[in-house]
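Asker: Just one file: query-v5.pdb, with PDB, C-alpha atoms.
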ATOM      1  CA  MET A   1     170.232 153.829  30.705  1.00  0.00           C
ATOM      2  CA  THR A   2     168.728 156.093  28.034  1.00  0.00           C
ATOM      3  CA  ALA A   3     166.023 153.519  27.326  1.00  0.00           C
ATOM      4  CA  VAL A   4     165.123 153.392  31.022  1.00  0.00           C
ATOM      5  CA  MET A   5     164.841 157.187  31.194  1.00  0.00           C
ATOM      6  CA  LYS A   6     162.714 157.220  28.033  1.00  0.00           C
ATOM      7  CA  ASN A   7     160.354 154.584  29.466  1.00  0.00           C
ATOM      8  CA  ASP A   8     160.255 156.449  32.749  1.00  0.00           C
ATOM      9  CA  PHE A   9     159.274 159.675  30.986  1.00  0.00           C
ATOM     10  CA  ARG A  10     156.642 157.935  28.881  1.00  0.00           C
ATOM     11  CA  ALA A  11     155.123 156.276  31.940  1.00  0.00           C
ATOM     12  CA  ARG A  12     154.988 159.612  33.749  1.00  0.00           C
ATOM     13  CA  ASN A  13     153.536 161.425  30.756  1.00  0.00           C
ATOM     14  CA  HIS A  14     150.451 159.191  30.736  1.00  0.00           C
ATOM     15  CA  PRO A  15     147.052 160.520  31.952  1.00  0.00           C
ATOM     16  CA  ALA A  16     146.849 157.583  34.395  1.00  0.00           C
ATOM     17  CA  TYR A  17     150.074 158.783  36.039  1.00  0.00           C
ATOM     18  CA  TRP A  18     148.546 162.237  36.576  1.00  0.00           C
ATOM     19  CA  ALA A  19     145.414 160.580  37.958  1.00  0.00           C
ATOM     20  CA  PHE A  20     147.686 158.743  40.430  1.00  0.00           C
ATOM     21  CA  ILE A  21     149.370 162.041  41.436  1.00  0.00           C
ATOM     22  CA  VAL A  22     145.993 163.799  41.843  1.00  0.00           C
ATOM     23  CA  HIS A  23     144.629 160.906  43.946  1.00  0.00           C
ATOM     24  CA  ARG A  24     147.639 160.865  46.284  1.00  0.00           C
ATOM     25  CA  THR A  25     147.929 164.663  46.590  1.00  0.00           C
ATOM     26  CA  SER A  26     144.197 165.190  47.157  1.00  0.00           C
ATOM     27  CA  GLY A  27     144.126 162.368  49.731  1.00  0.00           C
ATOM     28  CA  LEU A  28     147.067 163.868  51.610  1.00  0.00           C
ATOM     29  CA  LEU A  29     145.617 167.398  51.614  1.00  0.00           C
ATOM     30  CA  LEU A  30     142.175 166.156  52.694  1.00  0.00           C
ATOM     31  CA  ALA A  31     143.745 164.187  55.577  1.00  0.00           C
ATOM     32  CA  VAL A  32     145.538 167.374  56.713  1.00  0.00           C
ATOM     33  CA  PHE A  33     142.317 169.417  56.412  1.00  0.00           C
ATOM     34  CA  LEU A  34     140.059 166.992  58.340  1.00  0.00           C
ATOM     35  CA  PRO A  35     141.236 167.830  61.897  1.00  0.00           C
ATOM     36  CA  PHE A  36     140.588 171.559  61.180  1.00  0.00           C
ATOM     37  CA  HIS A  37     137.133 170.698  59.792  1.00  0.00           C
ATOM     38  CA  PHE A  38     136.279 168.693  62.922  1.00  0.00           C
ATOM     39  CA  TRP A  39     137.628 171.461  65.170  1.00  0.00           C
ATOM     40  CA  ALA A  40     135.468 174.039  63.367  1.00  0.00           C
ATOM     41  CA  LEU A  41     132.259 171.990  63.731  1.00  0.00           C
ATOM     42  CA  ALA A  42     133.036 171.314  67.399  1.00  0.00           C
ATOM     43  CA  GLN A  43     132.696 175.085  68.010  1.00  0.00           C
ATOM     44  CA  ALA A  44     128.968 174.287  68.255  1.00  0.00           C
ATOM     45  CA  LEU A  45     129.708 172.734  71.676  1.00  0.00           C
ATOM     46  CA  GLN A  46     130.175 176.314  72.948  1.00  0.00           C
ATOM     47  CA  GLY A  47     126.861 177.405  71.459  1.00  0.00           C
ATOM     48  CA  PRO A  48     125.558 178.653  68.103  1.00  0.00           C
ATOM     49  CA  GLN A  49     127.289 182.039  68.584  1.00  0.00           C
ATOM     50  CA  ALA A  50     130.717 180.393  68.652  1.00  0.00           C
ATOM     51  CA  LEU A  51     129.927 178.491  65.436  1.00  0.00           C
ATOM     52  CA  ASP A  52     128.577 181.684  63.836  1.00  0.00           C
ATOM     53  CA  GLY A  53     131.778 183.474  64.824  1.00  0.00           C
ATOM     54  CA  PHE A  54     133.768 180.902  62.881  1.00  0.00           C
ATOM     55  CA  LEU A  55     131.362 180.935  59.910  1.00  0.00           C
ATOM     56  CA  GLN A  56     131.776 184.726  59.715  1.00  0.00           C
ATOM     57  CA  TRP A  57     135.466 184.128  59.041  1.00  0.00           C
ATOM     58  CA  THR A  58     134.581 181.846  56.108  1.00  0.00           C
ATOM     59  CA  GLN A  59     133.017 184.830  54.292  1.00  0.00           C
ATOM     60  CA  HIS A  60     136.517 186.108  53.489  1.00  0.00           C
ATOM     61  CA  PRO A  61     137.137 185.757  49.701  1.00  0.00           C
ATOM     62  CA  LEU A  62     140.391 183.864  50.238  1.00  0.00           C
ATOM     63  CA  VAL A  63     138.656 181.359  52.533  1.00  0.00           C
ATOM     64  CA  LYS A  64     135.885 180.905  49.954  1.00  0.00           C
ATOM     65  CA  PHE A  65     138.531 180.204  47.323  1.00  0.00           C
ATOM     66  CA  GLY A  66     140.047 177.633  49.699  1.00  0.00           C
ATOM     67  CA  GLU A  67     136.628 176.029  50.204  1.00  0.00           C
ATOM     68  CA  ILE A  68     136.105 175.712  46.442  1.00  0.00           C
ATOM     69  CA  ALA A  69     139.555 174.124  46.105  1.00  0.00           C
ATOM     70  CA  LEU A  70     138.709 171.662  48.907  1.00  0.00           C
ATOM     71  CA  VAL A  71     135.408 170.719  47.234  1.00  0.00           C
ATOM     72  CA  VAL A  72     137.254 170.050  43.952  1.00  0.00           C
ATOM     73  CA  LEU A  73     139.866 167.980  45.848  1.00  0.00           C
ATOM     74  CA  LEU A  74     137.122 165.962  47.580  1.00  0.00           C
ATOM     75  CA  ALA A  75     135.247 165.366  44.314  1.00  0.00           C
ATOM     76  CA  ALA A  76     138.489 164.455  42.502  1.00  0.00           C
ATOM     77  CA  HIS A  77     139.518 162.005  45.246  1.00  0.00           C
ATOM     78  CA  MET A  78     136.047 160.437  45.266  1.00  0.00           C
ATOM     79  CA  THR A  79     135.692 160.069  41.488  1.00  0.00           C
ATOM     80  CA  GLY A  80     139.308 158.874  41.173  1.00  0.00           C
ATOM     81  CA  GLY A  81     138.668 156.345  43.934  1.00  0.00           C
ATOM     82  CA  VAL A  82     135.487 155.060  42.291  1.00  0.00           C
ATOM     83  CA  ARG A  83     137.482 154.698  39.050  1.00  0.00           C
ATOM     84  CA  LEU A  84     140.069 152.578  40.878  1.00  0.00           C
ATOM     85  CA  LEU A  85     137.365 150.407  42.485  1.00  0.00           C
ATOM     86  CA  MET A  86     135.804 149.839  39.044  1.00  0.00           C
ATOM     87  CA  LEU A  87     139.188 148.902  37.551  1.00  0.00           C
ATOM     88  CA  GLU A  88     139.934 146.510  40.404  1.00  0.00           C
ATOM     89  CA  PHE A  89     136.572 144.844  40.882  1.00  0.00           C
ATOM     90  CA  LEU A  90     134.802 144.914  37.510  1.00  0.00           C
ATOM     91  CA  ALA A  91     135.777 142.881  34.487  1.00  0.00           C
ATOM     92  CA  TRP A  92     137.719 145.033  31.998  1.00  0.00           C
ATOM     93  CA  ARG A  93     135.578 146.915  29.470  1.00  0.00           C
ATOM     94  CA  ASP A  94     136.728 149.403  26.860  1.00  0.00           C
ATOM     95  CA  TRP A  95     134.643 152.198  28.385  1.00  0.00           C
ATOM     96  CA  GLN A  96     136.805 152.035  31.496  1.00  0.00           C
ATOM     97  CA  LYS A  97     139.441 153.921  29.487  1.00  0.00           C
ATOM     98  CA  SER A  98     137.076 156.884  29.513  1.00  0.00           C
ATOM     99  CA  LEU A  99     136.711 156.869  33.299  1.00  0.00           C
ATOM    100  CA  LEU A 100     139.614 159.301  33.706  1.00  0.00           C
ATOM    101  CA  ALA A 101     137.803 161.897  31.620  1.00  0.00           C
ATOM    102  CA  VAL A 102     134.531 161.204  33.452  1.00  0.00           C
ATOM    103  CA  ALA A 103     136.275 161.569  36.844  1.00  0.00           C
ATOM    104  CA  ALA A 104     137.877 164.869  35.817  1.00  0.00           C
ATOM    105  CA  GLY A 105     134.647 166.190  34.317  1.00  0.00           C
ATOM    106  CA  VAL A 106     132.501 165.319  37.340  1.00  0.00           C
ATOM    107  CA  SER A 107     135.084 166.875  39.705  1.00  0.00           C
ATOM    108  CA  MET A 108     135.095 170.146  37.786  1.00  0.00           C
ATOM    109  CA  ALA A 109     131.279 170.163  37.537  1.00  0.00           C
ATOM    110  CA  VAL A 110     130.948 169.664  41.311  1.00  0.00           C
ATOM    111  CA  GLY A 111     133.507 172.410  41.975  1.00  0.00           C
ATOM    112  CA  LEU A 112     131.679 174.771  39.612  1.00  0.00           C
ATOM    113  CA  ALA A 113     128.263 174.004  41.164  1.00  0.00           C
ATOM    114  CA  PHE A 114     129.698 174.742  44.622  1.00  0.00           C
ATOM    115  CA  ALA A 115     131.476 177.897  43.400  1.00  0.00           C
ATOM    116  CA  LEU A 116     128.324 179.283  41.771  1.00  0.00           C
ATOM    117  CA  ASN A 117     126.390 178.799  45.032  1.00  0.00           C
ATOM    118  CA  VAL A 118     129.046 179.974  47.486  1.00  0.00           C
ATOM    119  CA  ILE A 119     130.147 183.186  45.700  1.00  0.00           C
TER     120      ILE A 119
ATOM    121  CA  MET B   1     153.927 143.350  58.522  1.00  0.00           C
ATOM    122  CA  SER B   2     152.524 139.896  57.783  1.00  0.00           C
ATOM    123  CA  VAL B   3     150.830 139.143  54.463  1.00  0.00           C
ATOM    124  CA  ARG B   4     147.611 138.466  56.353  1.00  0.00           C
ATOM    125  CA  ALA B   5     147.716 141.943  57.939  1.00  0.00           C
ATOM    126  CA  GLN B   6     148.470 143.568  54.575  1.00  0.00           C
ATOM    127  CA  VAL B   7     145.501 141.800  52.980  1.00  0.00           C
ATOM    128  CA  LEU B   8     143.335 143.005  55.873  1.00  0.00           C
ATOM    129  CA  LEU B   9     144.476 146.624  55.319  1.00  0.00           C
ATOM    130  CA  TRP B  10     143.895 146.332  51.550  1.00  0.00           C
ATOM    131  CA  THR B  11     140.360 144.998  52.156  1.00  0.00           C
ATOM    132  CA  LEU B  12     139.553 147.635  54.789  1.00  0.00           C
ATOM    133  CA  GLN B  13     140.804 150.361  52.424  1.00  0.00           C
ATOM    134  CA  ARG B  14     138.433 149.182  49.640  1.00  0.00           C
ATOM    135  CA  LEU B  15     135.455 148.612  51.959  1.00  0.00           C
ATOM    136  CA  SER B  16     135.860 152.050  53.565  1.00  0.00           C
ATOM    137  CA  ALA B  17     136.256 153.571  50.072  1.00  0.00           C
ATOM    138  CA  ALA B  18     132.920 152.080  48.988  1.00  0.00           C
ATOM    139  CA  VAL B  19     131.193 153.512  52.091  1.00  0.00           C
ATOM    140  CA  LEU B  20     132.932 156.871  51.574  1.00  0.00           C
ATOM    141  CA  ALA B  21     131.847 157.068  47.927  1.00  0.00           C
ATOM    142  CA  VAL B  22     128.209 157.119  49.076  1.00  0.00           C
ATOM    143  CA  CYS B  23     128.897 159.453  52.033  1.00  0.00           C
ATOM    144  CA  VAL B  24     130.927 161.934  49.936  1.00  0.00           C
ATOM    145  CA  VAL B  25     128.207 162.189  47.265  1.00  0.00           C
ATOM    146  CA  ALA B  26     125.655 162.952  50.020  1.00  0.00           C
ATOM    147  CA  HIS B  27     128.102 165.422  51.634  1.00  0.00           C
ATOM    148  CA  LEU B  28     128.788 167.247  48.337  1.00  0.00           C
ATOM    149  CA  VAL B  29     125.070 167.514  47.490  1.00  0.00           C
ATOM    150  CA  THR B  30     124.315 168.809  51.028  1.00  0.00           C
ATOM    151  CA  MET B  31     127.148 171.359  50.834  1.00  0.00           C
ATOM    152  CA  ILE B  32     126.134 172.699  47.420  1.00  0.00           C
ATOM    153  CA  TYR B  33     122.549 173.021  48.692  1.00  0.00           C
ATOM    154  CA  ALA B  34     123.515 174.475  52.099  1.00  0.00           C
ATOM    155  CA  VAL B  35     125.760 177.308  50.859  1.00  0.00           C
ATOM    156  CA  ARG B  36     123.138 178.809  48.507  1.00  0.00           C
ATOM    157  CA  HIS B  37     122.158 181.563  50.956  1.00  0.00           C
ATOM    158  CA  GLY B  38     125.366 181.555  53.010  1.00  0.00           C
ATOM    159  CA  LEU B  39     126.178 179.352  55.978  1.00  0.00           C
ATOM    160  CA  SER B  40     124.802 180.080  59.431  1.00  0.00           C
ATOM    161  CA  ALA B  41     124.830 178.161  62.702  1.00  0.00           C
ATOM    162  CA  ALA B  42     121.012 178.350  62.781  1.00  0.00           C
ATOM    163  CA  ASP B  43     120.761 176.636  59.363  1.00  0.00           C
ATOM    164  CA  ILE B  44     123.326 173.941  60.161  1.00  0.00           C
ATOM    165  CA  LEU B  45     122.085 173.165  63.662  1.00  0.00           C
ATOM    166  CA  GLY B  46     118.449 173.407  62.517  1.00  0.00           C
ATOM    167  CA  ARG B  47     119.204 170.503  60.210  1.00  0.00           C
ATOM    168  CA  THR B  48     121.297 168.376  62.554  1.00  0.00           C
ATOM    169  CA  ARG B  49     120.199 169.012  66.176  1.00  0.00           C
ATOM    170  CA  GLY B  50     118.267 166.058  67.574  1.00  0.00           C
ATOM    171  CA  ASN B  51     118.265 164.410  64.137  1.00  0.00           C
ATOM    172  CA  TYR B  52     119.311 160.764  64.574  1.00  0.00           C
ATOM    173  CA  ALA B  53     119.466 160.163  60.803  1.00  0.00           C
ATOM    174  CA  TRP B  54     122.158 162.860  60.362  1.00  0.00           C
ATOM    175  CA  LEU B  55     123.953 161.646  63.513  1.00  0.00           C
ATOM    176  CA  GLY B  56     124.021 158.087  62.126  1.00  0.00           C
ATOM    177  CA  PHE B  57     125.260 159.394  58.774  1.00  0.00           C
ATOM    178  CA  TYR B  58     128.096 161.442  60.291  1.00  0.00           C
ATOM    179  CA  VAL B  59     129.123 158.684  62.746  1.00  0.00           C
ATOM    180  CA  THR B  60     129.384 156.258  59.794  1.00  0.00           C
ATOM    181  CA  PHE B  61     131.166 158.870  57.626  1.00  0.00           C
ATOM    182  CA  VAL B  62     133.756 159.548  60.356  1.00  0.00           C
ATOM    183  CA  ALA B  63     134.317 155.823  61.012  1.00  0.00           C
ATOM    184  CA  ALA B  64     134.984 155.205  57.306  1.00  0.00           C
ATOM    185  CA  VAL B  65     137.339 158.215  57.103  1.00  0.00           C
ATOM    186  CA  ALA B  66     139.197 157.150  60.252  1.00  0.00           C
ATOM    187  CA  ILE B  67     139.882 153.771  58.608  1.00  0.00           C
ATOM    188  CA  HIS B  68     140.550 155.044  55.075  1.00  0.00           C
ATOM    189  CA  ALA B  69     142.826 158.062  55.677  1.00  0.00           C
ATOM    190  CA  PRO B  70     145.469 156.351  57.881  1.00  0.00           C
ATOM    191  CA  ILE B  71     145.787 153.360  55.518  1.00  0.00           C
ATOM    192  CA  GLY B  72     146.191 155.707  52.531  1.00  0.00           C
ATOM    193  CA  LEU B  73     148.678 157.854  54.430  1.00  0.00           C
ATOM    194  CA  ARG B  74     150.651 154.735  55.408  1.00  0.00           C
ATOM    195  CA  THR B  75     151.016 153.874  51.695  1.00  0.00           C
ATOM    196  CA  ILE B  76     152.155 157.423  50.824  1.00  0.00           C
ATOM    197  CA  LEU B  77     154.622 157.519  53.744  1.00  0.00           C
ATOM    198  CA  GLY B  78     156.100 154.171  52.663  1.00  0.00           C
ATOM    199  CA  GLU B  79     156.152 154.590  48.878  1.00  0.00           C
ATOM    200  CA  THR B  80     156.849 158.330  48.513  1.00  0.00           C
ATOM    201  CA  PHE B  81     158.823 159.157  51.646  1.00  0.00           C
ATOM    202  CA  GLY B  82     160.360 155.739  52.361  1.00  0.00           C
ATOM    203  CA  TRP B  83     159.092 155.766  55.962  1.00  0.00           C
ATOM    204  CA  ARG B  84     158.076 152.185  56.820  1.00  0.00           C
ATOM    205  CA  GLY B  85     158.033 149.983  59.910  1.00  0.00           C
ATOM    206  CA  THR B  86     156.460 149.799  63.337  1.00  0.00           C
ATOM    207  CA  LEU B  87     156.891 153.500  64.143  1.00  0.00           C
ATOM    208  CA  ALA B  88     155.179 154.564  60.908  1.00  0.00           C
ATOM    209  CA  ASP B  89     152.374 152.046  61.555  1.00  0.00           C
ATOM    210  CA  LEU B  90     151.909 153.390  65.094  1.00  0.00           C
ATOM    211  CA  ALA B  91     151.877 156.992  63.830  1.00  0.00           C
ATOM    212  CA  VAL B  92     149.098 156.334  61.298  1.00  0.00           C
ATOM    213  CA  LEU B  93     147.203 154.246  63.874  1.00  0.00           C
ATOM    214  CA  MET B  94     147.321 157.237  66.229  1.00  0.00           C
ATOM    215  CA  LEU B  95     146.074 159.468  63.399  1.00  0.00           C
ATOM    216  CA  GLY B  96     143.138 157.093  62.866  1.00  0.00           C
ATOM    217  CA  VAL B  97     142.213 157.178  66.566  1.00  0.00           C
ATOM    218  CA  VAL B  98     142.478 160.999  66.691  1.00  0.00           C
ATOM    219  CA  LEU B  99     140.383 161.387  63.517  1.00  0.00           C
ATOM    220  CA  ALA B 100     137.693 159.049  64.906  1.00  0.00           C
ATOM    221  CA  LEU B 101     137.513 160.770  68.307  1.00  0.00           C
ATOM    222  CA  TRP B 102     137.602 164.322  66.906  1.00  0.00           C
ATOM    223  CA  GLY B 103     135.139 163.449  64.142  1.00  0.00           C
ATOM    224  CA  TRP B 104     132.630 161.835  66.489  1.00  0.00           C
ATOM    225  CA  ARG B 105     133.025 164.823  68.831  1.00  0.00           C
ATOM    226  CA  ALA B 106     132.137 167.121  65.914  1.00  0.00           C
ATOM    227  CA  ALA B 107     129.135 164.933  65.025  1.00  0.00           C
ATOM    228  CA  TYR B 108     127.979 165.107  68.647  1.00  0.00           C
ATOM    229  CA  ALA B 109     128.548 168.897  68.702  1.00  0.00           C
ATOM    230  CA  VAL B 110     126.071 169.517  65.867  1.00  0.00           C
ATOM    231  CA  PHE B 111     123.586 166.917  67.216  1.00  0.00           C
ATOM    232  CA  ALA B 112     123.386 167.799  70.944  1.00  0.00           C
TER     233      ALA B 112
END
Transcribe the structure of this file into structure tokens.
Answerer:
Amino acid sequence: MTAVMKNDFRARNHPAYWAFIVHRTSGLLLAVFLPFHFWALAQALQGPQALDGFLQWTQHPLVKFGEIALVVLLAAHMTGGVRLLMLEFLAWRDWQKSLLAVAAGVSMAVGLAFALNVI
Amino acid sequence: MSVRAQVLLWTLQRLSAAVLAVCVVAHLVTMIYAVRHGLSAADILGRTRGNYAWLGFYVTFVAAVAIHAPIGLRTILGETFGWRGTLADLAVLMLGVVLALWGWRAAYAVFA
């Protein structure tokens, strides 16, 4: 029993496990966000003023923070997904071990680039 | 669910992921560029209204999302929450249809 718990802990303490958690969580949150995103863009059906009215709301600092978080989630889900596709479809190479770090780095860089422009 | 159907879902998930990888990179670059001077309806609609290239891009983007998100959600519902079976399959299928219809409506809204 102890051995099982130890193995369980070790498996969950691996960077790949955290990549799995990030991929699932970001995917779930993005799926929840999408209907709101589509609803917001559809305001344009009532004219540019309606869309501008919504965009005014996005100037609120808390909303901007939410936008930055969503951009990081999108970048993390995309880079994590590309990592999985490379693991599944390309022959194994040693550099694939570094993909986790590349995925995390690119996600943070994208989030930072967006944050610097939106603030 | 039959093995054949599961293989189909697995394949669709990977194919849609490959399409989404390209679409998301384009979307992220556009967003980072677009927010430089703040977002306005005039800027957004100036880019997208009457532009068939953007319409084609967003229609493809939405189609890929409407395939990818429900299949991913089905896996999470089954593996994390233990909700499997016909009802769960129907629920995620409905989500896919709603995402496609709402997404294409949004694409039309910024095009028309």
Asker: Write out as JSON lines a residue-level contact list of chain B versus chain A with cut-off 10 Å: for each qualifying residue the closest pair of atoms and the distance in Å to one decimal, counting all atoms listed in the file, rows sorted by chain and residue number upward.
Answerer:
{"residue": "B:Arg14", "atom": "CA", "partner": "A:Leu85", "partner_atom": "CA", "distance": 7.3}
{"residue": "B:Leu15", "atom": "CA", "partner": "A:Leu85", "partner_atom": "CA", "distance": 9.8}
{"residue": "B:Ala17", "atom": "CA", "partner": "A:Gly81", "partner_atom": "CA", "distance": 7.2}
{"residue": "B:Ala18", "atom": "CA", "partner": "A:Val82", "partner_atom": "CA", "distance": 7.8}
{"residue": "B:Leu20", "atom": "CA", "partner": "A:Met78", "partner_atom": "CA", "distance": 7.9}
{"residue": "B:Ala21", "atom": "CA", "partner": "A:Met78", "partner_atom": "CA", "distance": 6.0}
{"residue": "B:Val22", "atom": "CA", "partner": "A:Met78", "partner_atom": "CA", "distance": 9.3}
{"residue": "B:Cys23", "atom": "CA", "partner": "A:Met78", "partner_atom": "CA", "distance": 9.9}
{"residue": "B:Val24", "atom": "CA", "partner": "A:Met78", "partner_atom": "CA", "distance": 7.1}
{"residue": "B:Val25", "atom": "CA", "partner": "A:Ala75", "partner_atom": "CA", "distance": 8.3}
{"residue": "B:His27", "atom": "CA", "partner": "A:Leu74", "partner_atom": "CA", "distance": 9.9}
{"residue": "B:Leu28", "atom": "CA", "partner": "A:Val71", "partner_atom": "CA", "distance": 7.6}
{"residue": "B:Val29", "atom": "CA", "partner": "A:Val110", "partner_atom": "CA", "distance": 8.8}
{"residue": "B:Met31", "atom": "CA", "partner": "A:Phe114", "partner_atom": "CA", "distance": 7.5}
{"residue": "B:Ile32", "atom": "CA", "partner": "A:Phe114", "partner_atom": "CA", "distance": 5.0}
{"residue": "B:Tyr33", "atom": "CA", "partner": "A:Asn117", "partner_atom": "CA", "distance": 7.8}
{"residue": "B:Ala34", "atom": "CA", "partner": "A:Asn117", "partner_atom": "CA", "distance": 8.8}
{"residue": "B:Val35", "atom": "CA", "partner": "A:Val118", "partner_atom": "CA", "distance": 5.4}
{"residue": "B:Arg36", "atom": "CA", "partner": "A:Asn117", "partner_atom": "CA", "distance": 4.8}
{"residue": "B:His37", "atom": "CA", "partner": "A:Asn117", "partner_atom": "CA", "distance": 7.8}
{"residue": "B:Gly38", "atom": "CA", "partner": "A:Val118", "partner_atom": "CA", "distance": 6.8}
{"residue": "B:Leu39", "atom": "CA", "partner": "A:Leu55", "partner_atom": "CA", "distance": 6.7}
{"residue": "B:Ser40", "atom": "CA", "partner": "A:Asp52", "partner_atom": "CA", "distance": 6.0}
{"residue": "B:Ala41", "atom": "CA", "partner": "A:Asp52", "partner_atom": "CA", "distance": 5.3}
{"residue": "B:Ala42", "atom": "CA", "partner": "A:Pro48", "partner_atom": "CA", "distance": 7.0}
{"residue": "B:Ile44", "atom": "CA", "partner": "A:Pro48", "partner_atom": "CA", "distance": 9.5}
{"residue": "B:Leu45", "atom": "CA", "partner": "A:Pro48", "partner_atom": "CA", "distance": 7.9}
{"residue": "B:Val62", "atom": "CA", "partner": "A:Phe38", "partner_atom": "CA", "distance": 9.8}
{"residue": "B:Val65", "atom": "CA", "partner": "A:Ala31", "partner_atom": "CA", "distance": 8.9}
{"residue": "B:Ala66", "atom": "CA", "partner": "A:Ala31", "partner_atom": "CA", "distance": 9.6}
{"residue": "B:His68", "atom": "CA", "partner": "A:Ala31", "partner_atom": "CA", "distance": 9.7}
{"residue": "B:Ala69", "atom": "CA", "partner": "A:Ala31", "partner_atom": "CA", "distance": 6.2}
{"residue": "B:Pro70", "atom": "CA", "partner": "A:Ala31", "partner_atom": "CA", "distance": 8.3}
{"residue": "B:Gly72", "atom": "CA", "partner": "A:Gly27", "partner_atom": "CA", "distance": 7.5}
{"residue": "B:Leu73", "atom": "CA", "partner": "A:Leu28", "partner_atom": "CA", "distance": 6.8}
{"residue": "B:Thr75", "atom": "CA", "partner": "A:Arg24", "partner_atom": "CA", "distance": 9.5}
{"residue": "B:Ile76", "atom": "CA", "partner": "A:Arg24", "partner_atom": "CA", "distance": 7.3}
{"residue": "B:Thr80", "atom": "CA", "partner": "A:Arg24", "partner_atom": "CA", "distance": 9.8}
{"residue": "B:Leu95", "atom": "CA", "partner": "A:Ala31", "partner_atom": "CA", "distance": 9.4}
{"residue": "B:Val98", "atom": "CA", "partner": "A:Pro35", "partner_atom": "CA", "distance": 8.4}
{"residue": "B:Leu99", "atom": "CA", "partner": "A:Pro35", "partner_atom": "CA", "distance": 6.7}
{"residue": "B:Ala100", "atom": "CA", "partner": "A:Pro35", "partner_atom": "CA", "distance": 9.9}
{"residue": "B:Leu101", "atom": "CA", "partner": "A:Phe38", "partner_atom": "CA", "distance": 9.7}
{"residue": "B:Trp102", "atom": "CA", "partner": "A:Phe38", "partner_atom": "CA", "distance": 6.1}
{"residue": "B:Gly103", "atom": "CA", "partner": "A:Phe38", "partner_atom": "CA", "distance": 5.5}
{"residue": "B:Trp104", "atom": "CA", "partner": "A:Phe38", "partner_atom": "CA", "distance": 8.5}
{"residue": "B:Arg105", "atom": "CA", "partner": "A:Ala42", "partner_atom": "CA", "distance": 6.6}
{"residue": "B:Ala106", "atom": "CA", "partner": "A:Ala42", "partner_atom": "CA", "distance": 4.5}
{"residue": "B:Ala107", "atom": "CA", "partner": "A:Leu41", "partner_atom": "CA", "distance": 7.8}
{"residue": "B:Tyr108", "atom": "CA", "partner": "A:Ala42", "partner_atom": "CA", "distance": 8.1}
{"residue": "B:Ala109", "atom": "CA", "partner": "A:Leu45", "partner_atom": "CA", "distance": 5.0}
{"residue": "B:Val110", "atom": "CA", "partner": "A:Ala44", "partner_atom": "CA", "distance": 6.1}
{"residue": "B:Phe111", "atom": "CA", "partner": "A:Ala44", "partner_atom": "CA", "distance": 9.2}
{"residue": "B:Ala112", "atom": "CA", "partner": "A:Leu45", "partner_atom": "CA", "distance": 8.1}
Asker: Could you check how far CA of Ala69 (chain A) sits from CA of Ala16 (chain A), in Å to one decimal?
Answerer: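 For CA of Ala69 (chain A) relative to CA of Ala16 (chain A), the distance reads 21.5 Å.
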Asker: Between CA of Ala76 (chain A) and CA of Ser107 (chain A), what is the spacing in Å?
Answerer: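 Computed distance, CA of Ser107 (chain A) to CA of Ala76 (chain A), equals 5.0 Å.
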Asker: Using all atoms listed in the file, which of B:Ala63, B:Ala53, B:Leu9, B:Met1 sits nearest Gly85 (chain B)?
Answerer: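 So, comparing all the options, the nearest one is B:Met1.
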Asker: In Å, rounded to a single decimal, give me how far CA of Gln6 (chain B) is from CA of Arg12 (chain A).
Answerer: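 Those two atoms sit 27.1 Å apart.
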Asker: Nearest to Phe20 (chain A): which of A:Pro61, A:Ala104, A:Leu73, A:Gly80 is it, counting only C-alpha atoms?
Answerer: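 Nearest to Phe20 (chain A): A:Gly80.
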Asker: Let me make sure I understand: among B:Thr60, B:Thr48, B:Ser2, B:Thr11, which one has the smallest atom-to-atom distance to Thr30 (chain B) if we use all atoms listed in the file?
Answerer: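 Nearest to Thr30 (chain B): B:Thr48.
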Asker: Taking only C-alpha atoms into account, which of B:Ala26, B:Arg74, B:Tyr52, B:Leu8 comes nearest Thr86 (chain B)?
Answerer: B:Arg74
Asker: In terms of the shortest atom-to-atom distance over all atoms listed in the file, which of B:Ser16, B:Glu79, B:Val7, B:Leu90 is closest to Ile67 (chain B)?
Answerer: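 Of all the options, B:Ser16 lies closest to Ile67 (chain B).
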Asker: So which residues touch Leu77 (chain B) within 8 Å, counting only C-alpha atoms, skipping near sequence neighbours fewer than 6 positions away, as number ranges by chain?
Answerer: B: 83-84, 88
